[in-house]
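Input: a single structure, listed below in structure tokens.
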Amino acid sequence: MSSDLTDLYQQVILDHNRRPRNRGRLPTANRAAHGDNPSCGDQCDVFLRLEGDRIAEITFDGSGCAISQASASLMTTQLKGKTVAEAESLYDEFHDIVTTGRAPEEMSDLGAFAGVHAFPARIKCATLGWHAALNALKGDAAPATTESHVD
Amino acid sequence: MASSWKNVRGDFPILDQKVNGQPLVYLDNAATTQKPRVVIDALTRFYERDNANVHRGLHTLSMRSTEAFEGARARVARFLNAASPAEIVFTRGTTEAINLVAASWGGANLKAGDVILLTEMEHHSNLVPWQLVAQRTGAKLRFVPVVGDEGRLDLAALDSLLTSEVKLFAFTHISNSLGTINPVAGLCARARKAGIVTVVDAAQSVGHMPIDVQALGCDFLAFSGHKMAAVTGIGALYGRLALLDAMPPWQGGGGMIASADFFTSRWKPSPERFEAGTPNFADAYALGIACDYLDGLGRAEIQRHDGQLAEKAYHALAGLPGIRLLGPPGERGGLVSFAFRDVHAHDIVTFADEDGIALRGGHHCNQPLMRKLGLTGTTRASFYVYNTEAEIELLVRSMQRVLKFFAG
């Protein structure tokens, strides 16, 4: 198996794909948004409870490839407890990781997605859950997509 | 030039390459087929020697070009056993051909309360044009159900669906996501008895099996050149002449009018009436060459070859743990479509690509059907004249590796 492929499907990613964390609807959610990539069929709903400026709880539900599901799962573990501004800046860092392949050492978990950058068609899979989460934080009811623009 | 099976792989220059270090195994033929050298060379030769705009040209090149274009029309008519070349309208492909019927025939003949009958296995290209015309005219859509994973049409339901409100019945010949071959002649006969116009989406069948539009008894049939060894951007609509000549134009422009003045125009008959603007004559010429190539191999032989590969693949894949195979187990078009509960089609396609194998994963422009079957998508391997049994073994080995990897 090529190193590109083992870089893409890191153990962390396989693990989150097999055993997604925080999956399902969140009955106490006060924010939600839907993400949809129509051409590949990936879907991701993000539910979160915002307490003041802080994400108290966050879950996701959806269907799609291992990259999109693992990314959404890992995202929920990273965003819980963060403020809106922290969440936005974490996304910027994640976006850099998947588009450049360079991950700061302290980003060990999100850094697992660095291998995505060698597969440009999969970047939109990795960022779908994040876009839904950002929309939910903004209170934007419009479905998020990572297909219609260069991301 | 008679094409032969002996060196069929050598006819397709693109196959001679490695992808990710492995010899290319091209199994995405239902999306588009590769092109034989004769087609590529014909197109080059045309541009190097004969290119000029067609019709009304009095100079030598224009006459050559017109001859190549109209010769291709006659060739396609013969390929489909149409009664006349005037029954062949060149389009960009299947999608445009169906849109033509929907806009022109549908716009002129459908009204509120009429029913357009489709099936649940239609590609979006034979669904969305009808949704558009239904919205415009107030006509309603109804669907012949697909039964289970074997993916056959519920023909028992057909009699109750073929009511007097139904004005048009559009269905696919071979399903691009299931491989089901629909009984076109029988469906057309039942529709015709009820006075219903039929449209056949033949995108997956025209280059893969003998097609005789008169024996099928269809009113319209649409196909794409690029799925049958010809180039992208060219396809055709077959229509019965009596229907075509009664239809209004769907686009206006040069080449389609008998005479024009400032306020009104009169139309030419078919096929020119439906070919406004400079037609895609060079690609049409290449399409005619592809017809020659395929007939050199023999379409009955192509059907046997593709069908045998599909059957072999179906049975070889059936041994994989947890596989869900779609489409009929018996006679099928040249493709297999399958899904695993725990591994998404896009991950499978990415893995297979590492082995040099080109597959397609996803909803195959069949979203409503996938939803009905409870699937987010399938992985599809589709075959053509240059594929081999050895490639199916490579496919199966690749799938075994994928499963092992994701099972952990």
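Following the order of the structure tokens, chains are lettered A, B, ..., residues in each are numbered from 1, and ligands are numbered from 1.
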
Near Asp45 of chain A, counting only C-alpha atoms, which residues have an atom at most 9 Å away, once you skip same-chain residues fewer than 3 positions from it, shown as a PDB file with C-alpha atoms, in the first residue's frame?
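Written out: result.pdb:
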```pdb
ATOM      1  CA  GLY A  24     -26.710  11.212  17.074  1.00  0.00           C
ATOM      2  CA  ARG A  25     -29.149  14.022  17.679  1.00  0.00           C
ATOM      3  CA  ALA A  32     -28.243  22.964  14.440  1.00  0.00           C
ATOM      4  CA  ALA A  33     -27.132  23.020  10.834  1.00  0.00           C
ATOM      5  CA  HIS A  34     -27.107  20.638   7.941  1.00  0.00           C
ATOM      6  CA  GLY A  35     -24.150  20.026   5.625  1.00  0.00           C
ATOM      7  CA  ASP A  36     -24.596  18.468   2.227  1.00  0.00           C
ATOM      8  CA  THR A  59     -23.037  16.004  18.332  1.00  0.00           C
ATOM      9  CA  PHE A  60     -23.202  15.065  14.681  1.00  0.00           C
ATOM     10  CA  ASP A  61     -25.130  12.648  12.533  1.00  0.00           C
ATOM     11  CA  GLY A  62     -24.719  11.784   8.895  1.00  0.00           C
ATOM     12  CA  GLY A 129     -18.737  18.743   9.279  1.00  0.00           C
ATOM     13  CA  ALA A 132     -21.998  22.700   9.265  1.00  0.00           C
ATOM     14  CA  ALA A 133     -20.687  23.468  12.765  1.00  0.00           C
TER      15      ALA A 133
END
```

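With only C-alpha atoms taken into account, the protein and nucleic acid residues at most 8 Å from His131 of chain A (excluding it and anything under 5 positions from it in its own chain) are Gly35, Ala144, Thr145 and Thr146 of chain A.
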
Within 6 Å of Gly101 of chain A, counting only C-alpha atoms, which residues show up once you throw out same-chain ones fewer than 3 positions away? Write them as an MDAnalysis selection string, please. chainID A and resid 97:98 114 117

Any chance you can output those residues with N, CA and C atoms as a compact mmCIF listing (two decimals), in the first residue's frame?
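part26.txt, written as the output of this step:
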```txt
# COMPACT_ATOMS: atom_id res chain seq x y z
N ILE A 97 -4.19 22.55 7.64
CA ILE A 97 -3.64 21.18 7.69
C ILE A 97 -4.07 20.39 6.46
N VAL A 98 -5.37 20.42 6.13
CA VAL A 98 -5.83 19.57 5.03
C VAL A 98 -5.46 20.13 3.66
N ALA A 114 -3.64 15.50 7.85
CA ALA A 114 -2.68 16.12 6.93
C ALA A 114 -2.60 15.36 5.60
N HIS A 117 -4.37 16.21 2.07
CA HIS A 117 -3.94 17.20 1.08
C HIS A 117 -3.42 16.54 -0.20
```

I need the contact residues of chain A against chain B, so if you could list those with any atom within 7 Å, counting only C-alpha atoms, and return them as a PDB file with C-alpha atoms, in the first residue's frame, that would help.
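Final file, selection.pdb:
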```
ATOM      1  CA  CYS A  40     -20.746  12.859  -3.607  1.00  0.00           C
ATOM      2  CA  GLY A  41     -23.815  12.397  -1.424  1.00  0.00           C
ATOM      3  CA  GLY A  64     -20.491   9.512   3.960  1.00  0.00           C
ATOM      4  CA  CYS A  65     -16.965   8.264   3.442  1.00  0.00           C
ATOM      5  CA  ALA A  66     -14.534   7.462   6.234  1.00  0.00           C
TER       6      ALA A  66
END
```

Out of segment 46-91 of chain A, which residues get strand (DSSP E) from DSSP, as a PyMOL selection string? chain A and resi 46-51+54-63
